[in-house]
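Undergrad: Sharing work-v4.pdb, PDB, C-alpha atoms, pLDDT in the B column:
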ATOM      1  CA  MET A 482     -31.358  37.653  31.766  1.00 54.00           C
ATOM      2  CA  ASP A 483     -32.077  34.303  33.402  1.00 63.00           C
ATOM      3  CA  GLU A 484     -33.147  34.372  37.039  1.00 80.00           C
ATOM      4  CA  PHE A 485     -30.567  33.421  39.644  1.00 91.00           C
ATOM      5  CA  LYS A 486     -31.801  30.551  41.812  1.00 94.00           C
ATOM      6  CA  LEU A 487     -31.277  30.975  45.566  1.00 96.00           C
ATOM      7  CA  ILE A 488     -29.334  28.065  47.087  1.00 96.00           C
ATOM      8  CA  SER A 489     -28.799  29.200  50.670  1.00 95.00           C
ATOM      9  CA  ASP A 490     -28.680  32.263  52.899  1.00 96.00           C
ATOM     10  CA  SER A 491     -27.916  33.622  56.352  1.00 95.00           C
ATOM     11  CA  PHE A 492     -31.560  33.215  57.372  1.00 93.00           C
ATOM     12  CA  GLY A 493     -31.503  29.404  57.457  1.00 93.00           C
ATOM     13  CA  THR A 494     -32.274  28.514  53.846  1.00 93.00           C
ATOM     14  CA  GLY A 495     -30.564  25.693  51.996  1.00 95.00           C
ATOM     15  CA  GLU A 496     -27.160  24.077  51.955  1.00 91.00           C
ATOM     16  CA  HIS A 497     -25.280  26.560  54.172  1.00 95.00           C
ATOM     17  CA  GLY A 498     -28.340  28.010  55.902  1.00 94.00           C
ATOM     18  CA  ALA A 499     -28.000  26.368  59.320  1.00 95.00           C
ATOM     19  CA  TYR A 500     -24.290  27.175  59.461  1.00 95.00           C
ATOM     20  CA  LEU A 501     -24.806  30.817  58.475  1.00 95.00           C
ATOM     21  CA  LEU A 502     -27.752  31.241  60.847  1.00 94.00           C
ATOM     22  CA  ASP A 503     -25.648  29.821  63.678  1.00 94.00           C
ATOM     23  CA  LEU A 504     -22.861  32.320  62.976  1.00 94.00           C
ATOM     24  CA  GLY A 505     -25.335  35.146  63.403  1.00 93.00           C
ATOM     25  CA  GLU A 506     -27.329  33.871  66.355  1.00 93.00           C
ATOM     26  CA  ARG A 507     -24.642  32.158  68.429  1.00 92.00           C
ATOM     27  CA  LEU A 508     -21.573  34.220  67.583  1.00 93.00           C
ATOM     28  CA  ASN A 509     -23.090  37.625  66.690  1.00 92.00           C
ATOM     29  CA  VAL A 510     -21.529  37.640  63.210  1.00 94.00           C
ATOM     30  CA  ILE A 511     -23.212  40.388  61.186  1.00 91.00           C
ATOM     31  CA  VAL A 512     -21.946  39.459  57.709  1.00 96.00           C
ATOM     32  CA  GLU A 513     -24.922  38.285  55.635  1.00 96.00           C
ATOM     33  CA  CYS A 514     -24.716  35.943  52.666  1.00 97.00           C
ATOM     34  CA  PHE A 515     -26.968  34.865  49.825  1.00 97.00           C
ATOM     35  CA  HIS A 516     -25.716  32.009  47.639  1.00 97.00           C
ATOM     36  CA  PHE A 517     -27.143  31.697  44.128  1.00 97.00           C
ATOM     37  CA  ALA A 518     -26.791  29.404  41.161  1.00 94.00           C
ATOM     38  CA  VAL A 519     -25.670  31.755  38.412  1.00 92.00           C
ATOM     39  CA  PRO A 520     -26.615  30.614  34.911  1.00 84.00           C
ATOM     40  CA  LEU A 521     -23.542  30.386  32.711  1.00 72.00           C
ATOM     41  CA  MET A 522     -24.474  32.805  29.967  1.00 68.00           C
ATOM     42  CA  ASN A 523     -22.953  34.988  27.320  1.00 68.00           C
ATOM     43  CA  ALA A 524     -23.475  38.205  29.281  1.00 75.00           C
ATOM     44  CA  ASP A 525     -20.362  40.100  30.307  1.00 88.00           C
ATOM     45  CA  SER A 526     -19.004  39.645  33.820  1.00 90.00           C
ATOM     46  CA  GLU A 527     -20.027  43.102  35.038  1.00 93.00           C
ATOM     47  CA  THR A 528     -23.658  42.502  33.976  1.00 93.00           C
ATOM     48  CA  ILE A 529     -23.713  39.169  35.813  1.00 94.00           C
ATOM     49  CA  HIS A 530     -22.353  40.801  38.970  1.00 96.00           C
ATOM     50  CA  LYS A 531     -24.973  43.546  38.737  1.00 96.00           C
ATOM     51  CA  GLN A 532     -27.759  40.975  38.451  1.00 95.00           C
ATOM     52  CA  LEU A 533     -26.272  39.176  41.444  1.00 96.00           C
ATOM     53  CA  ALA A 534     -26.213  42.423  43.450  1.00 97.00           C
ATOM     54  CA  ARG A 535     -29.867  43.009  42.503  1.00 96.00           C
ATOM     55  CA  SER A 536     -30.913  39.417  43.318  1.00 95.00           C
ATOM     56  CA  GLY A 537     -29.248  39.552  46.720  1.00 96.00           C
ATOM     57  CA  MET A 538     -30.832  42.868  47.600  1.00 95.00           C
ATOM     58  CA  GLU A 539     -34.245  41.538  46.505  1.00 94.00           C
ATOM     59  CA  GLU A 540     -33.825  38.523  48.805  1.00 94.00           C
ATOM     60  CA  ARG A 541     -32.613  40.714  51.683  1.00 92.00           C
ATOM     61  CA  SER A 542     -35.635  42.953  51.176  1.00 90.00           C
ATOM     62  CA  LYS A 543     -37.969  39.932  51.334  1.00 89.00           C
ATOM     63  CA  ARG A 544     -36.424  38.890  54.678  1.00 84.00           C
ATOM     64  CA  ASN A 545     -36.926  42.403  55.987  1.00 80.00           C
ATOM     65  CA  GLU A 546     -40.558  42.483  54.868  1.00 78.00           C
ATOM     66  CA  GLY A 547     -41.133  39.095  56.469  1.00 72.00           C
ATOM     67  CA  TYR A 548     -39.707  40.344  59.755  1.00 67.00           C
ATOM     68  CA  PHE A 549     -42.045  43.348  59.810  1.00 71.00           C
ATOM     69  CA  ALA A 550     -45.070  41.259  58.809  1.00 70.00           C
ATOM     70  CA  ASP A 551     -44.362  38.891  61.718  1.00 70.00           C
ATOM     71  CA  LEU A 552     -43.829  41.807  64.098  1.00 71.00           C
ATOM     72  CA  LYS A 553     -47.101  43.432  63.028  1.00 71.00           C
ATOM     73  CA  ARG A 554     -48.995  40.164  63.605  1.00 74.00           C
ATOM     74  CA  ASP A 555     -47.360  39.875  67.040  1.00 74.00           C
ATOM     75  CA  VAL A 556     -48.250  43.471  67.978  1.00 72.00           C
ATOM     76  CA  LEU A 557     -51.877  42.964  66.943  1.00 73.00           C
ATOM     77  CA  ALA A 558     -52.190  39.612  68.723  1.00 77.00           C
ATOM     78  CA  ASN A 559     -50.242  40.529  71.851  1.00 80.00           C
ATOM     79  CA  PRO A 560     -50.100  44.327  72.310  1.00 73.00           C
ATOM     80  CA  GLY A 561     -49.202  44.133  76.010  1.00 74.00           C
ATOM     81  CA  ARG A 562     -46.060  42.093  75.323  1.00 74.00           C
ATOM     82  CA  PHE A 563     -44.023  45.133  74.338  1.00 72.00           C
ATOM     83  CA  LYS A 564     -42.489  47.499  76.882  1.00 73.00           C
ATOM     84  CA  ASN A 565     -43.230  50.513  74.698  1.00 76.00           C
ATOM     85  CA  ALA A 566     -46.418  50.993  72.718  1.00 74.00           C
ATOM     86  CA  VAL A 567     -46.064  50.033  69.054  1.00 71.00           C
ATOM     87  CA  ASP A 568     -48.440  51.445  66.475  1.00 72.00           C
ATOM     88  CA  PRO A 569     -49.051  48.573  64.021  1.00 67.00           C
ATOM     89  CA  SER A 570     -50.213  51.003  61.335  1.00 67.00           C
ATOM     90  CA  LYS A 571     -46.637  52.306  61.138  1.00 64.00           C
ATOM     91  CA  LEU A 572     -45.186  48.875  60.426  1.00 63.00           C
ATOM     92  CA  GLY A 573     -45.482  49.051  56.673  1.00 59.00           C
ATOM     93  CA  ARG A 574     -43.620  50.011  53.525  1.00 59.00           C
ATOM     94  CA  ALA A 575     -43.371  53.635  54.638  1.00 58.00           C
ATOM     95  CA  ASP A 576     -41.325  52.613  57.675  1.00 58.00           C
ATOM     96  CA  ARG A 577     -37.725  53.795  57.472  1.00 56.00           C
ATOM     97  CA  PHE A 578     -36.466  50.270  58.146  1.00 64.00           C
ATOM     98  CA  TYR A 579     -38.016  48.829  54.996  1.00 77.00           C
ATOM     99  CA  LEU A 580     -35.291  48.238  52.452  1.00 85.00           C
ATOM    100  CA  THR A 581     -35.182  50.333  49.330  1.00 89.00           C
ATOM    101  CA  TYR A 582     -32.534  50.259  46.646  1.00 94.00           C
ATOM    102  CA  GLU A 583     -31.676  51.782  43.281  1.00 96.00           C
ATOM    103  CA  ILE A 584     -29.347  49.329  41.551  1.00 96.00           C
ATOM    104  CA  ASP A 585     -28.887  51.693  38.600  1.00 95.00           C
ATOM    105  CA  ASN A 586     -27.182  54.140  40.974  1.00 97.00           C
ATOM    106  CA  ALA A 587     -24.698  51.495  42.146  1.00 97.00           C
ATOM    107  CA  THR A 588     -21.101  51.294  41.018  1.00 97.00           C
ATOM    108  CA  SER A 589     -18.607  48.502  41.488  1.00 98.00           C
ATOM    109  CA  SER A 590     -14.999  47.636  40.842  1.00 98.00           C
ATOM    110  CA  LEU A 591     -13.067  44.407  40.562  1.00 98.00           C
ATOM    111  CA  ILE A 592     -10.901  43.684  43.586  1.00 98.00           C
ATOM    112  CA  ALA A 593      -8.187  41.163  44.307  1.00 98.00           C
ATOM    113  CA  VAL A 594      -8.741  38.128  46.522  1.00 98.00           C
ATOM    114  CA  ASP A 595      -6.418  39.527  49.216  1.00 98.00           C
ATOM    115  CA  GLU A 596      -8.417  42.749  49.445  1.00 98.00           C
ATOM    116  CA  PHE A 597     -11.689  40.832  49.766  1.00 98.00           C
ATOM    117  CA  VAL A 598     -10.265  38.531  52.452  1.00 98.00           C
ATOM    118  CA  SER A 599      -8.935  41.501  54.430  1.00 97.00           C
ATOM    119  CA  GLU A 600     -12.219  43.431  54.314  1.00 97.00           C
ATOM    120  CA  TYR A 601     -14.376  40.337  54.926  1.00 97.00           C
ATOM    121  CA  THR A 602     -12.208  39.456  57.935  1.00 97.00           C
ATOM    122  CA  HIS A 603     -12.697  42.953  59.376  1.00 96.00           C
ATOM    123  CA  ALA A 604     -16.478  42.839  58.839  1.00 96.00           C
ATOM    124  CA  PHE A 605     -16.689  39.294  60.238  1.00 96.00           C
ATOM    125  CA  THR A 606     -14.455  39.607  63.323  1.00 95.00           C
ATOM    126  CA  ASP A 607     -14.803  43.261  64.290  1.00 93.00           C
ATOM    127  CA  PRO A 608     -18.451  44.413  64.413  1.00 90.00           C
ATOM    128  CA  PRO A 609     -19.186  47.187  66.959  1.00 88.00           C
ATOM    129  CA  TYR A 610     -19.686  44.758  69.865  1.00 84.00           C
ATOM    130  CA  GLY A 611     -17.345  42.018  68.661  1.00 87.00           C
ATOM    131  CA  ILE A 612     -18.245  38.398  68.073  1.00 91.00           C
ATOM    132  CA  ARG A 613     -18.694  35.843  70.824  1.00 91.00           C
ATOM    133  CA  SER A 614     -15.376  34.041  70.953  1.00 89.00           C
ATOM    134  CA  ALA A 615     -12.734  33.335  73.563  1.00 86.00           C
ATOM    135  CA  ASN A 616     -10.095  35.600  71.994  1.00 90.00           C
ATOM    136  CA  ASP A 617      -8.857  37.164  68.761  1.00 91.00           C
ATOM    137  CA  ALA A 618      -7.154  33.951  67.651  1.00 93.00           C
ATOM    138  CA  GLU A 619     -10.435  32.030  67.899  1.00 94.00           C
ATOM    139  CA  SER A 620     -12.265  34.805  66.009  1.00 93.00           C
ATOM    140  CA  GLN A 621      -9.700  34.639  63.216  1.00 95.00           C
ATOM    141  CA  ALA A 622      -9.949  30.839  63.089  1.00 96.00           C
ATOM    142  CA  ILE A 623     -13.757  30.947  62.844  1.00 96.00           C
ATOM    143  CA  CYS A 624     -13.510  33.554  60.081  1.00 97.00           C
ATOM    144  CA  SER A 625     -10.922  31.523  58.135  1.00 97.00           C
ATOM    145  CA  ASP A 626     -13.117  28.451  58.451  1.00 97.00           C
ATOM    146  CA  SER A 627     -16.096  30.382  57.058  1.00 97.00           C
ATOM    147  CA  LEU A 628     -14.072  31.544  54.049  1.00 97.00           C
ATOM    148  CA  ALA A 629     -12.986  27.994  53.268  1.00 97.00           C
ATOM    149  CA  ARG A 630     -16.385  26.440  53.949  1.00 96.00           C
ATOM    150  CA  LEU A 631     -18.449  28.908  51.946  1.00 97.00           C
ATOM    151  CA  PHE A 632     -16.209  29.798  49.034  1.00 97.00           C
ATOM    152  CA  GLY A 633     -13.466  27.197  48.780  1.00 96.00           C
ATOM    153  CA  ASP A 634     -10.700  28.377  46.472  1.00 97.00           C
ATOM    154  CA  LEU A 635     -11.307  32.092  45.990  1.00 98.00           C
ATOM    155  CA  THR A 636      -9.018  32.204  42.962  1.00 97.00           C
ATOM    156  CA  HIS A 637     -11.916  30.652  40.998  1.00 96.00           C
ATOM    157  CA  PHE A 638     -14.059  33.773  41.600  1.00 97.00           C
ATOM    158  CA  SER A 639     -14.236  37.225  40.131  1.00 97.00           C
ATOM    159  CA  ILE A 640     -14.965  39.605  43.001  1.00 98.00           C
ATOM    160  CA  ARG A 641     -16.544  43.032  42.828  1.00 98.00           C
ATOM    161  CA  LYS A 642     -16.858  45.565  45.637  1.00 98.00           C
ATOM    162  CA  TRP A 643     -19.936  47.793  45.493  1.00 98.00           C
ATOM    163  CA  SER A 644     -20.589  51.403  46.418  1.00 98.00           C
ATOM    164  CA  THR A 645     -22.745  51.881  49.506  1.00 97.00           C
ATOM    165  CA  SER A 646     -24.964  54.857  48.688  1.00 96.00           C
ATOM    166  CA  TRP A 647     -27.712  53.218  46.611  1.00 96.00           C
ATOM    167  CA  SER A 648     -29.737  51.477  49.344  1.00 95.00           C
ATOM    168  CA  ASN A 649     -30.828  52.243  52.879  1.00 92.00           C
ATOM    169  CA  TYR A 650     -29.424  48.787  53.720  1.00 92.00           C
ATOM    170  CA  PHE A 651     -26.116  50.619  54.063  1.00 95.00           C
ATOM    171  CA  ASP A 652     -27.351  53.552  56.184  1.00 92.00           C
ATOM    172  CA  ALA A 653     -26.492  52.087  59.595  1.00 89.00           C
ATOM    173  CA  GLY A 654     -22.962  51.149  58.587  1.00 90.00           C
ATOM    174  CA  ASN A 655     -22.383  54.450  56.820  1.00 92.00           C
ATOM    175  CA  GLU A 656     -22.906  56.213  60.159  1.00 91.00           C
ATOM    176  CA  TRP A 657     -19.431  55.121  61.304  1.00 88.00           C
ATOM    177  CA  TRP A 658     -18.547  51.402  61.473  1.00 92.00           C
ATOM    178  CA  GLY A 659     -18.667  50.652  57.785  1.00 93.00           C
ATOM    179  CA  ALA A 660     -20.926  49.236  55.119  1.00 96.00           C
ATOM    180  CA  PHE A 661     -19.865  46.544  52.695  1.00 97.00           C
ATOM    181  CA  LEU A 662     -21.184  44.653  49.727  1.00 98.00           C
ATOM    182  CA  TRP A 663     -19.276  42.219  47.565  1.00 98.00           C
ATOM    183  CA  THR A 664     -20.433  39.922  44.794  1.00 98.00           C
ATOM    184  CA  LEU A 665     -18.460  36.826  43.919  1.00 98.00           C
ATOM    185  CA  VAL A 666     -18.992  34.817  40.733  1.00 96.00           C
ATOM    186  CA  SER A 667     -17.156  31.552  40.122  1.00 95.00           C
ATOM    187  CA  ASP A 668     -16.215  30.047  36.789  1.00 90.00           C
ATOM    188  CA  ASP A 669     -18.529  27.093  37.542  1.00 91.00           C
ATOM    189  CA  GLY A 670     -21.679  29.171  38.138  1.00 91.00           C
ATOM    190  CA  ARG A 671     -21.686  29.891  41.866  1.00 94.00           C
ATOM    191  CA  GLY A 672     -22.659  33.388  42.924  1.00 96.00           C
ATOM    192  CA  TRP A 673     -22.419  34.989  46.362  1.00 98.00           C
ATOM    193  CA  TRP A 674     -23.901  38.246  47.649  1.00 98.00           C
ATOM    194  CA  VAL A 675     -21.995  39.140  50.816  1.00 98.00           C
ATOM    195  CA  GLY A 676     -23.013  42.228  52.776  1.00 97.00           C
ATOM    196  CA  ALA A 677     -22.518  43.863  56.151  1.00 95.00           C
ATOM    197  CA  SER A 678     -23.881  47.085  57.599  1.00 93.00           C
ATOM    198  CA  THR A 679     -24.482  47.926  61.230  1.00 89.00           C
ATOM    199  CA  THR A 680     -23.965  50.522  63.927  1.00 81.00           C
ATOM    200  CA  ASP A 681     -23.868  50.578  67.712  1.00 74.00           C
TER     201      ASP A 681
END
Can you dump the structure from the file as structure tokens?

TA:
Amino acid sequence: MDEFKLISDSFGTGEHGAYLLDLGERLNVIVECFHFAVPLMNADSETIHKQLARSGMEERSKRNEGYFADLKRDVLANPGRFKNAVDPSKLGRADRFYLTYEIDNATSSLIAVDEFVSEYTHAFTDPPYGIRSANDAESQAICSDSLARLFGDLTHFSIRKWSTSWSNYFDAGNEWWGAFLWTLVSDDGRGWWVGASTTD
């Protein structure tokens, strides 16, 4: 299957990168997004969604590895900077925070636009410590703006909701708050990986 080209993400890359990064850093939004160009191909819809789920998890894993590589360099260069001692030899692939996933163990189901909007709105506006906004009305308005800005008309997408037991990405959310992953594929070749998983 053709590779899906990354267009933007919640870590500052590409077209929506600055906007998505701002949502996380300024407002404490924990929903993470990866936007891909999805080749229009003859594969069935479920196969395309599965490749999108895999591509998003690969990109999320790269961001995680980058974070730990930077942290390890910082610990080695500046060991006194940290309140508690950090053993740099433990900051590697064996660390429990490194992302692992088994896409072949994942299951998904098609969901309606209304169900996606409802669940996305919960994940966006109601993380364990809330988002930084004046009130609930402002939170809802920011969320609605993100839906329109990122996806446009959601009726042009097929949307699948994924199980949350096939990657340790979901472990924190599965403790109590919730873990989510959706893939959205439009009829014009836009693909979104949208995930959220956190705890207090």

Undergrad: May I ask which of the residues A:Thr494, A:Asn509, A:Asn545, A:Ser678 is the closest one to Ile612 of chain A, counting only C-alpha atoms?

TA: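 Comparing A:Thr494, A:Asn509, A:Asn545, A:Ser678 against Ile612 of chain A, the winner is A:Asn509.
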
Undergrad: Quick one: distance from atom CA of Glu513 of chain A to atom CA of Asp490 of chain A in Å, one decimal?

TA: 7.6 Å

Undergrad: Residues at most 9 Å from segment 592-604 of chain A, counting only C-alpha atoms, excluding those fewer than 5 positions away in the same chain, as a VMD selection string?

TA: chain A and resid 510 to 512 621 624 to 625 628 635 to 636 638 to 642 659 to 661 663 675 to 678

Undergrad: Could you tell me how far atom CA of Asn586 of chain A lies from atom CA of Glu540 of chain A, in Å and to one decimal?

TA: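 According to the coordinates, atom CA of Asn586 of chain A and atom CA of Glu540 of chain A are separated by 18.7 Å.
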
Undergrad: Please give the centre and size of the box around segment 666-672 of chain A (axis-aligned, containing every atom listed in the file, 3 Å added per side), with values in Å to one decimal and written as AutoDock Vina command-line options.

TA:
--center_x -19.4 --center_y 31.0 --center_z 39.9 --size_x 12.4 --size_y 13.7 --size_z 12.1

Undergrad: Find the distance between atom CA of Ile488 of chain A and atom CA of Val519 of chain A and write it in Å to one decimal.

TA: 10.1 Å

Undergrad: Could you expand the PyMOL selection byres ((chain A and resi 631) around 10) into the explicit residues it covers here, written as a PyMOL selection string?

TA: chain A and resi 496-497+500-501+514+516+626-630+632-635+673

Undergrad: What would the list of residues within 8 Å of (-22.5, 29.2, 41.1) (file frame) look like as number ranges by chain, if all atoms listed in the file are what count?

TA: A: 516-520, 666-673

Undergrad: Restricting it to C-alpha atoms, dump the selection as an mmCIF file, keeping the file's coordinate frame.

TA:
data_model
loop_
_atom_site.group_PDB
_atom_site.id
_atom_site.type_symbol
_atom_site.label_atom_id
_atom_site.label_comp_id
_atom_site.auth_asym_id
_atom_site.auth_seq_id
_atom_site.Cartn_x
_atom_site.Cartn_y
_atom_site.Cartn_z
ATOM 1 C CA HIS A 516 -25.716 32.009 47.639
ATOM 2 C CA PHE A 517 -27.143 31.697 44.128
ATOM 3 C CA ALA A 518 -26.791 29.404 41.161
ATOM 4 C CA VAL A 519 -25.670 31.755 38.412
ATOM 5 C CA PRO A 520 -26.615 30.614 34.911
ATOM 6 C CA VAL A 666 -18.992 34.817 40.733
ATOM 7 C CA SER A 667 -17.156 31.552 40.122
ATOM 8 C CA ASP A 668 -16.215 30.047 36.789
ATOM 9 C CA ASP A 669 -18.529 27.093 37.542
ATOM 10 C CA GLY A 670 -21.679 29.171 38.138
ATOM 11 C CA ARG A 671 -21.686 29.891 41.866
ATOM 12 C CA GLY A 672 -22.659 33.388 42.924
ATOM 13 C CA TRP A 673 -22.419 34.989 46.362
#

Undergrad: Between A:Glu527, A:Glu656, A:Asp503, A:Asp551, single out the one closest to Thr680 of chain A, counting only C-alpha atoms.

TA: A:Glu656

Undergrad: Nearest to Phe605 of chain A among A:Gly493, A:Trp647, A:Leu504, A:Leu487, with distances taken over all atoms listed in the file: which residue is it?

TA: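 Comparing A:Gly493, A:Trp647, A:Leu504, A:Leu487 against Phe605 of chain A, the winner is A:Leu504.
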
Undergrad: Which is closest to Arg541 of chain A among A:Trp657, A:Trp643, A:Tyr610, A:Tyr579, if we use only C-alpha atoms?

TA: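 Selected residue with least distance to Arg541 of chain A: A:Tyr579.
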
Undergrad: Could you give me, as a ChimeraX atom specification, the residues that have an atom at most 12 Å away from the point (-36.7, 48.3, 48.4) in the coordinates of the file, using all atoms listed in the file?

TA: /A:535-546,574-584,647-650

Undergrad: Between A:Ser590, A:Phe549, A:Leu508, A:Asp568, single out the one closest to Ser620 of chain A, counting all atoms listed in the file.

TA: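 Using all atoms listed in the file, the shortest distance to Ser620 of chain A belongs to A:Leu508.
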